[in-house]
Structures are given as C-alpha cells and as structure tokens.
file coords19.txt (compact mmCIF, C-alpha atoms)
# COMPACT_ATOMS: atom_id res chain seq x y z
CA MET A 1 56.11 2.34 17.90
CA THR A 2 55.91 4.93 20.64
CA SER A 3 53.86 3.88 23.65
CA PRO A 4 50.75 6.04 24.14
CA GLU A 5 50.81 8.40 27.09
CA PRO A 6 48.49 7.30 29.95
CA PHE A 7 45.35 9.38 30.29
CA ASP A 8 42.05 9.30 32.16
CA PRO A 9 39.31 8.17 29.74
CA ASP A 10 36.73 9.73 32.04
CA ASP A 11 38.30 13.19 31.72
CA PRO A 12 36.83 14.94 28.62
CA PHE A 13 39.75 17.38 28.54
CA ALA A 14 42.30 14.55 28.58
CA VAL A 15 40.37 12.59 25.94
CA HIS A 16 40.26 15.63 23.62
CA PHE A 17 44.01 16.17 23.78
CA HIS A 18 44.98 12.50 23.58
CA ARG A 19 46.35 11.21 20.27
CA GLU A 20 47.36 7.65 19.49
CA PRO A 21 50.91 7.43 18.11
CA MET A 22 51.01 7.19 14.31
CA GLY A 23 53.48 4.32 14.22
CA THR A 24 55.48 3.43 11.11
CA VAL A 25 52.88 4.50 8.55
CA GLY A 26 53.31 5.88 5.05
CA VAL A 27 54.10 9.50 4.22
CA GLY A 28 52.81 11.42 1.24
CA VAL A 29 55.17 14.28 0.38
CA VAL A 30 53.96 17.35 -1.53
CA VAL A 31 56.90 19.33 -2.92
CA LEU A 32 55.99 22.90 -3.90
CA SER A 33 58.40 24.80 -6.14
CA ASN A 34 58.48 27.66 -8.63
CA ALA A 35 59.29 25.36 -11.54
CA PRO A 36 58.66 21.73 -12.53
CA ILE A 37 61.14 19.38 -10.87
CA ASP A 38 63.65 18.05 -13.41
CA PRO A 39 64.94 14.44 -13.19
CA GLU A 40 68.16 15.51 -11.46
CA ALA A 41 66.29 17.45 -8.74
CA SER A 42 63.88 14.54 -8.36
CA SER A 43 66.80 12.19 -7.63
CA ILE A 44 68.04 14.60 -4.95
CA TRP A 45 64.67 14.38 -3.24
CA ASP A 46 64.79 10.61 -3.55
CA GLU A 47 68.05 10.65 -1.60
CA SER A 48 66.48 12.96 1.01
CA LEU A 49 63.59 10.55 1.55
CA SER A 50 65.84 7.51 1.87
CA TRP A 51 65.79 7.83 5.66
CA LEU A 52 61.99 7.63 5.72
CA ARG A 53 62.12 4.52 3.56
CA SER A 54 64.83 3.02 5.77
CA GLN A 55 62.33 3.20 8.65
CA GLY A 56 59.98 0.93 6.71
CA ARG A 57 57.65 3.73 5.63
CA PRO A 58 56.02 3.71 2.20
CA VAL A 59 56.63 7.09 0.55
CA ASP A 60 54.87 8.71 -2.40
CA VAL A 61 55.91 12.10 -3.75
CA VAL A 62 53.92 14.66 -5.73
CA PHE A 63 55.83 17.57 -7.27
CA GLN A 64 53.69 20.69 -7.73
CA ALA A 65 54.91 23.56 -9.94
CA VAL A 66 53.66 26.88 -8.54
CA ASP A 67 53.05 29.90 -10.76
CA PRO A 68 54.39 32.86 -8.71
CA THR A 69 51.98 35.26 -10.46
CA ARG A 70 48.96 33.11 -9.52
CA PRO A 71 50.02 30.57 -6.90
CA GLN A 72 46.75 28.69 -6.22
CA LEU A 73 48.43 26.77 -3.38
CA GLY A 74 45.12 25.71 -1.89
CA VAL A 75 44.09 24.06 -5.16
CA LEU A 76 47.49 22.39 -5.63
CA ILE A 77 47.52 21.03 -2.08
CA ARG A 78 43.95 19.72 -2.44
CA GLU A 79 44.82 17.93 -5.70
CA ALA A 80 47.89 16.38 -4.10
CA LEU A 81 45.80 15.20 -1.14
CA ILE A 82 43.42 13.45 -3.51
CA ALA A 83 46.37 11.68 -5.16
CA LEU A 84 48.11 10.65 -1.92
CA PRO A 85 46.50 7.93 0.24
CA HIS A 86 48.90 8.00 3.19
CA PRO A 87 48.00 8.75 6.86
CA ILE A 88 50.74 11.42 7.03
CA ILE A 89 51.02 14.34 4.62
CA ALA A 90 54.19 16.43 4.43
CA LEU A 91 54.09 19.85 2.77
CA ALA A 92 57.55 20.98 1.68
CA ALA A 93 58.47 24.31 0.09
CA SER A 94 62.15 24.10 0.91
CA ALA A 95 64.93 25.23 -1.40
CA THR A 96 66.88 22.09 -0.49
CA PRO A 97 65.46 18.69 0.51
CA PRO A 98 65.22 18.12 4.27
CA SER A 99 67.35 15.53 6.02
CA GLN A 100 66.84 13.07 8.88
CA THR A 101 67.48 15.89 11.38
CA HIS A 102 64.42 17.66 9.98
CA TRP A 103 62.10 14.67 9.59
CA ALA A 104 62.75 12.95 12.94
CA PRO A 105 61.54 15.68 15.35
CA LEU A 106 58.46 16.37 13.23
CA LEU A 107 57.44 12.71 13.11
CA LYS A 108 57.97 12.37 16.85
CA ALA A 109 55.83 15.44 17.56
CA LEU A 110 53.05 14.18 15.25
CA ASP A 111 52.54 11.21 17.57
CA GLN A 112 50.84 13.61 19.99
CA ALA A 113 49.51 16.27 17.61
CA ASP A 114 47.45 16.74 14.44
CA HIS A 115 49.59 19.34 12.68
CA VAL A 116 53.28 20.06 13.30
CA VAL A 117 55.36 22.93 11.92
CA GLY A 118 59.14 22.91 11.86
CA GLY A 119 60.32 25.81 14.01
CA ARG A 120 63.57 27.08 12.48
CA PRO A 121 66.19 28.93 14.55
CA ALA A 122 65.99 32.73 14.41
CA GLY A 123 67.92 35.58 15.94
CA GLY A 124 68.07 39.36 15.90
CA GLY A 125 65.48 41.10 13.77
CA THR A 126 63.97 37.84 12.51
CA ALA A 127 63.23 36.65 16.03
CA VAL A 128 61.68 40.02 16.97
CA ALA A 129 59.55 40.07 13.81
CA ARG A 130 58.31 36.54 14.43
CA SER A 131 57.42 37.34 18.03
CA LEU A 132 55.43 40.43 17.07
CA ALA A 133 53.67 38.67 14.21
CA ARG A 134 52.89 35.75 16.51
CA ILE A 135 51.14 38.06 18.96
CA VAL A 136 49.00 39.56 16.18
CA ARG A 137 48.13 36.19 14.65
CA ARG A 138 47.23 34.77 18.05
CA LEU A 139 44.90 37.68 18.78
CA VAL A 140 43.25 37.66 15.34
CA PHE A 141 43.30 33.98 14.34
CA GLY A 142 44.21 32.14 17.55
CA VAL A 143 47.39 30.70 15.97
CA PRO A 144 50.10 30.02 18.60
CA VAL A 145 52.84 29.01 16.10
CA ALA A 146 55.76 31.40 15.53
CA ASP A 147 57.33 30.11 12.30
CA VAL A 148 54.09 29.92 10.30
CA TYR A 149 55.93 30.09 6.97
CA SER A 150 58.27 27.21 7.77
CA PRO A 151 58.95 25.27 4.56
CA LEU A 152 58.35 21.90 6.22
CA ARG A 153 55.23 20.76 8.06
CA LEU A 154 53.53 17.42 8.72
CA HIS A 155 49.81 16.73 9.07
CA ARG A 156 47.63 13.81 10.02
CA ALA A 157 45.91 13.42 6.66
CA GLU A 158 42.43 12.92 8.11
CA LYS A 159 42.77 16.21 10.01
CA LEU A 160 44.11 18.15 7.04
CA TRP A 161 41.22 16.87 4.93
CA GLU A 162 38.78 18.41 7.39
CA ILE A 163 40.04 21.89 6.46
CA PRO A 164 38.68 23.49 3.25
CA LEU A 165 41.39 25.70 1.76
CA GLN A 166 40.47 29.15 0.43
CA SER A 167 43.92 30.71 0.01
CA GLY A 168 46.08 30.73 -3.09
CA SER A 169 49.16 32.40 -1.60
CA SER A 170 51.40 31.17 1.21
CA PHE A 171 48.78 32.62 3.56
CA VAL A 172 47.33 29.12 3.23
CA ASN A 173 49.85 28.17 5.96
CA VAL A 174 48.17 30.58 8.38
CA GLU A 175 44.71 29.52 7.20
CA VAL A 176 45.37 25.84 7.94
CA LEU A 177 46.59 26.58 11.46
CA ALA A 178 43.79 29.07 12.19
CA LYS A 179 41.04 26.71 11.07
CA ALA A 180 42.73 23.78 12.82
CA THR A 181 42.71 25.79 16.06
CA PHE A 182 39.02 26.65 15.58
CA LEU A 183 38.19 22.97 14.96
CA GLY A 184 40.00 21.91 18.13
CA HIS A 185 42.97 20.25 16.46
CA ILE A 186 46.29 19.99 18.28
CA LEU A 187 49.27 21.98 16.97
CA ASP A 188 52.97 21.64 17.80
CA GLU A 189 56.14 23.42 16.70
CA PRO A 190 59.20 21.22 17.28
CA LYS A 191 62.59 22.77 16.62
CA ILE A 192 64.39 21.81 13.41
CA PRO A 193 67.72 22.94 11.87
CA ALA A 194 67.76 25.91 9.51
CA LEU A 195 66.00 25.27 6.22
CA ALA A 196 65.50 27.85 3.48
CA GLY A 197 62.15 27.94 1.74
CA THR A 198 59.95 29.74 -0.77
CA THR A 199 57.06 31.99 0.18
CA TRP A 200 54.46 33.05 -2.39
CA ARG A 201 53.13 36.48 -1.38
CA LYS A 202 51.02 37.26 -4.45
CA GLY A 203 47.39 37.58 -3.35
CA SER A 204 48.14 37.21 0.37
CA PHE A 205 46.21 40.35 1.36
CA HIS A 206 43.16 39.13 -0.56
CA ASP A 207 43.45 35.71 1.10
CA LEU A 208 43.69 37.30 4.55
CA ASN A 209 40.51 39.28 3.88
CA VAL A 210 38.61 36.23 2.66
CA VAL A 211 39.66 33.96 5.52
CA PHE A 212 39.05 36.65 8.14
CA LYS A 213 35.68 37.89 6.84
CA LYS A 214 34.21 34.82 5.13
CA PRO A 215 35.93 31.69 6.43
CA THR A 216 34.60 28.43 5.02
CA PHE A 217 34.42 25.26 7.09
CA ARG A 218 32.38 23.20 4.64
CA ARG A 219 34.46 20.74 2.70
CA PRO A 220 34.17 20.45 -1.10
CA PRO A 221 32.49 17.23 -2.40
CA GLU A 222 35.81 15.60 -3.36
CA TYR A 223 36.83 15.72 0.30
CA GLN A 224 34.19 13.14 1.14
CA SER A 225 36.35 10.03 1.07
CA GLY A 226 36.88 6.76 2.88
CA PRO A 227 39.59 5.91 5.42
CA PHE A 228 43.20 6.49 4.49
CA GLU A 229 45.03 3.34 3.48
CA GLU A 230 48.61 2.50 2.72
CA SER A 231 49.50 2.87 -0.94
CA GLU A 232 50.31 -0.38 -2.72
CA SER A 233 51.32 1.29 -5.96
CA LYS A 234 52.13 4.63 -7.55
CA PRO A 235 49.21 7.04 -6.93
CA GLU A 236 47.11 8.10 -9.89
CA GLY A 237 47.57 11.78 -10.68
CA PRO A 238 44.66 14.07 -11.64
CA ASP A 239 45.59 14.02 -15.35
CA ARG A 240 43.25 14.46 -18.25
CA PRO A 241 42.71 11.63 -20.74
CA GLY A 242 45.81 11.56 -22.88
CA GLY A 243 48.15 12.25 -20.01
CA GLU A 244 48.37 16.01 -20.05
CA ASP A 245 48.42 17.46 -16.55
CA ARG A 246 45.98 20.17 -15.53
CA GLN A 247 48.39 21.98 -13.25
CA GLY A 248 51.75 21.12 -14.78
CA HIS A 249 52.89 18.97 -11.85
CA GLU A 250 54.69 15.67 -11.99
CA HIS A 251 54.25 12.56 -9.89
CA SER A 252 56.95 10.27 -8.54
CA GLY A 253 55.82 7.24 -6.55
CA VAL A 254 58.24 5.52 -4.20
CA SER A 255 57.45 2.50 -2.08
call {"tool": "encode", "arguments": {"input": "coords19.txt", "output": "structure tokens"}}
result
Amino acid sequence: MTSPEPFDPDDPFAVHFHREPMGTVGVGVVVLSNAPIDPEASSIWDESLSWLRSQGRPVDVVFQAVDPTRPQLGVLIREALIALPHPIIALAASATPPSQTHWAPLLKALDQADHVVGGRPAGGGTAVARSLARIVRRLVFGVPVADVYSPLRLHRAEKLWEIPLQSGSSFVNVEVLAKATFLGHILDEPKIPALAGTTWRKGSFHDLNVVFKKPTFRRPPEYQSGPFEESESKPEGPDRPGGEDRQGHEHSGVS
C-alpha cells in the first residue's frame, strides 16, 4: 500500500485535497462496446485483467452492449454501478483490452484523486484540437482534462455514485468531469500508451444542451446505497425474472 502524503489536518485546503490511498481493493470493470461480447472476446478481456488479479485484487466485469443509434450510456453505466460492489470502477470503451502499462499509472494516480482519465499521446492536428477543445471546456464547464474521450478511466466508486448522469452519448464523459469539478472532486490525467476507443456521438448536442442549461445534481433513489464492500461472489445483474436482460448486456464475474 502506498503511504499517505503528510498534510496539515488544521489546513482546510490541505484536508480537502487529501485522499487516503486506495490500497489493494477490488475493481469493477464496465466494458462498453457496439455489440455483445462473444465468449472469445470475453476470454481476451480475462487475459487483460490477469495483471489486476495477480496483484490480489478481486475483479468483476460487466459487458454492456451499446446501441449506436440510441446509446443511453448514462443508463448503462448506472446499471453497471448497481451490479458492481467494488471501491474502484473502471469504464472502458477501448477497441482492444488495456494492459498493465495502462492500468498501473491510473491506479497509482487514483491514490490521490477521485477520478482519473488516461491521457493518450497525441501529436499534430490531434494535439492542437485537444488543446483548443480543452480551453473551451475549461471556460464553459471547468473541466481541466485534455483527453476527455479517453477509452479508459478509473473512479472511486463512492464519488462516481454522487454524480447523477443525464447524458446518453459519449458526452457523459464530459458530464462526469464537469459535475465532479463542481462538487469539488479531484481529477487527474496520468499518461498512458496509445489505446484506440469508441465514441458514441449520437445525441451529443442534445446532451450538451441539457447538462449546460439544466444540470441535475440530485441522485436517483437507487443511488441511495450503503458502503461499498468487496464482492464475495459473482454480482447479480439487473435481469428480469426468467433471465432475460433488459439492456442486452452480459455479466462475467471474476474473483
């Protein structure tokens, strides 16, 4: 476990920005993709998560199939959060599963932050576009992160649960960071190797309008829950009686 950084408990500023290291706690992984994950793809993810398990971390995975014509990412993420009991939540929309070189810097950064986004390398036009967009987002939403659409991000679950999600498109990534900033959460953007991902643009302009003009900070009733605990078994998915799934996603528990 990482040793906590010394701070002055009588300094309100220092107390606000101090975070206790997470330690070797469990990780709930939400994999977002355009299609249901087949058994072969699921085994590839299992190999990707082997490093997390080798560190002694319990890992549960929820695969969420996203309809590109009506993404509903906010709903899918909320349902996955209900199913996953772990202190750390990873949201992954990557085309290929991340490796140790992606997980390690994010986990290290989360010891001193509430939400961390993997900052991928960029050059040329991509770097310029990110810089310009970052300026606009910082002025409008207060978001200091450059790679807001990074396909890999980690969250302290208790902090992510504080944020009611209104967006259906990938604008939900901006929404989370904007509301986290407003609520006084700590953000970080550690550098990670290149990682391709999927972005769902359908409805993003509508989501921007809603979050900008009528942001909601009141959590839905299902967000009222107890403390997060380590999972001792495969999480129960939000399936109807009979086993059919409301959103077409599959669940794969790993301990």
call {"tool": "atom_distance", "arguments": {"input": "coords19.txt", "atom1": "CA of Gln72 in chain A", "atom2": "CA of Ser169 in chain A"}}
result
6.4 Å
call {"tool": "atom_distance", "arguments": {"input": "coords19.txt", "atom1": "CA of Gln100 in chain A", "atom2": "CA of Ile82 in chain A"}}
result
26.5 Å
call {"tool": "atom_distance", "arguments": {"input": "coords19.txt", "atom1": "CA of Val30 in chain A", "atom2": "CA of Val61 in chain A"}}
result
6.0 Å
call {"tool": "closest_residue", "arguments": {"input": "coords19.txt", "among": "A:Ile88, A:Val140, A:Gly197, A:Gly123", "to": "Ser33 in chain A", "atoms": "all atoms listed in the file"}}
result
A:Gly197
call {"tool": "closest_residue", "arguments": {"input": "coords19.txt", "among": "A:Ile135, A:Val66, A:Ala127, A:Ala157", "to": "Ala35 in chain A", "atoms": "only C-alpha atoms"}}
result
A:Val66
call {"tool": "residues_around", "arguments": {"input": "coords19.txt", "residues": "Val25 in chain A", "least_positions_apart": "5", "cutoff": "10 Å", "atoms": "only C-alpha atoms", "output": "tab-separated table (two decimals) with C-alpha atoms, in the coordinates of the input"}}
result
chain	number	residue	atom	x	y	z
A	55	GLN	CA	62.33	3.20	8.65
A	56	GLY	CA	59.98	0.93	6.71
A	57	ARG	CA	57.65	3.73	5.63
A	58	PRO	CA	56.02	3.71	2.20
A	59	VAL	CA	56.63	7.09	0.55
A	86	HIS	CA	48.90	8.00	3.19
A	87	PRO	CA	48.00	8.75	6.86
A	88	ILE	CA	50.74	11.42	7.03
A	229	GLU	CA	45.03	3.34	3.48
A	230	GLU	CA	48.61	2.50	2.72
call {"tool": "residues_around", "arguments": {"input": "coords19.txt", "residues": "Ala122 in chain A", "least_positions_apart": "6", "cutoff": "9 Å", "atoms": "all atoms listed in the file", "output": "NGL selection string"}}
result
:A and (128 or 130 or 194)
call {"tool": "residues_around", "arguments": {"input": "coords19.txt", "residues": "range 176-191 of chain A", "least_positions_apart": "2", "cutoff": "8 Å", "atoms": "all atoms listed in the file", "output": "VMD selection string"}}
result
chain A and resid 17 105 to 106 109 to 110 113 to 121 141 to 143 145 159 to 160 163 165 172 to 174 193 217
call {"tool": "write_last_selection", "arguments": {"input": "coords19.txt", "atoms": "C-alpha atoms", "output": "mmCIF file, in the coordinates of the input"}}
result
data_model
loop_
_atom_site.group_PDB
_atom_site.id
_atom_site.type_symbol
_atom_site.label_atom_id
_atom_site.label_comp_id
_atom_site.auth_asym_id
_atom_site.auth_seq_id
_atom_site.Cartn_x
_atom_site.Cartn_y
_atom_site.Cartn_z
ATOM 1 C CA PHE A 17 44.010 16.170 23.780
ATOM 2 C CA PRO A 105 61.540 15.680 15.350
ATOM 3 C CA LEU A 106 58.460 16.370 13.230
ATOM 4 C CA ALA A 109 55.830 15.440 17.560
ATOM 5 C CA LEU A 110 53.050 14.180 15.250
ATOM 6 C CA ALA A 113 49.510 16.270 17.610
ATOM 7 C CA ASP A 114 47.450 16.740 14.440
ATOM 8 C CA HIS A 115 49.590 19.340 12.680
ATOM 9 C CA VAL A 116 53.280 20.060 13.300
ATOM 10 C CA VAL A 117 55.360 22.930 11.920
ATOM 11 C CA GLY A 118 59.140 22.910 11.860
ATOM 12 C CA GLY A 119 60.320 25.810 14.010
ATOM 13 C CA ARG A 120 63.570 27.080 12.480
ATOM 14 C CA PRO A 121 66.190 28.930 14.550
ATOM 15 C CA PHE A 141 43.300 33.980 14.340
ATOM 16 C CA GLY A 142 44.210 32.140 17.550
ATOM 17 C CA VAL A 143 47.390 30.700 15.970
ATOM 18 C CA VAL A 145 52.840 29.010 16.100
ATOM 19 C CA LYS A 159 42.770 16.210 10.010
ATOM 20 C CA LEU A 160 44.110 18.150 7.040
ATOM 21 C CA ILE A 163 40.040 21.890 6.460
ATOM 22 C CA LEU A 165 41.390 25.700 1.760
ATOM 23 C CA VAL A 172 47.330 29.120 3.230
ATOM 24 C CA ASN A 173 49.850 28.170 5.960
ATOM 25 C CA VAL A 174 48.170 30.580 8.380
ATOM 26 C CA PRO A 193 67.720 22.940 11.870
ATOM 27 C CA PHE A 217 34.420 25.260 7.090
#
call {"tool": "closest_residue", "arguments": {"input": "coords19.txt", "among": "A:Leu49, A:Leu32, A:Val210, A:Ala65", "to": "Pro98 in chain A", "atoms": "only C-alpha atoms"}}
result
A:Leu49
call {"tool": "closest_residue", "arguments": {"input": "coords19.txt", "among": "A:Asn209, A:Pro215, A:Asp60, A:Arg19", "to": "Ile89 in chain A", "atoms": "only C-alpha atoms"}}
result
A:Asp60
call {"tool": "residues_near_point", "arguments": {"input": "coords19.txt", "point": "(63.7, 9.1, 6.9)", "cutoff": "8 Å", "atoms": "only C-alpha atoms", "output": "PyMOL selection string"}}
result
chain A and resi 48-55+99-100+103-104
call {"tool": "residues_around", "arguments": {"input": "coords19.txt", "residues": "Ser94 in chain A", "least_positions_apart": "3", "cutoff": "7 Å", "atoms": "all atoms listed in the file", "output": "tab-separated table (two decimals) with C-alpha atoms, keeping the file's coordinate frame"}}
result
chain	number	residue	atom	x	y	z
A	97	PRO	CA	65.46	18.69	0.51
A	151	PRO	CA	58.95	25.27	4.56
A	152	LEU	CA	58.35	21.90	6.22
A	195	LEU	CA	66.00	25.27	6.22
A	196	ALA	CA	65.50	27.85	3.48
A	197	GLY	CA	62.15	27.94	1.74
A	198	THR	CA	59.95	29.74	-0.77
call {"tool": "axis_aligned_box", "arguments": {"input": "coords19.txt", "around": "range 45-51 of chain A", "padding_each_side": "6 Å", "output": "AutoDock Vina command-line options"}}
result
--center_x 65.8 --center_y 10.9 --center_z 1.1 --size_x 16.5 --size_y 18.9 --size_z 21.2
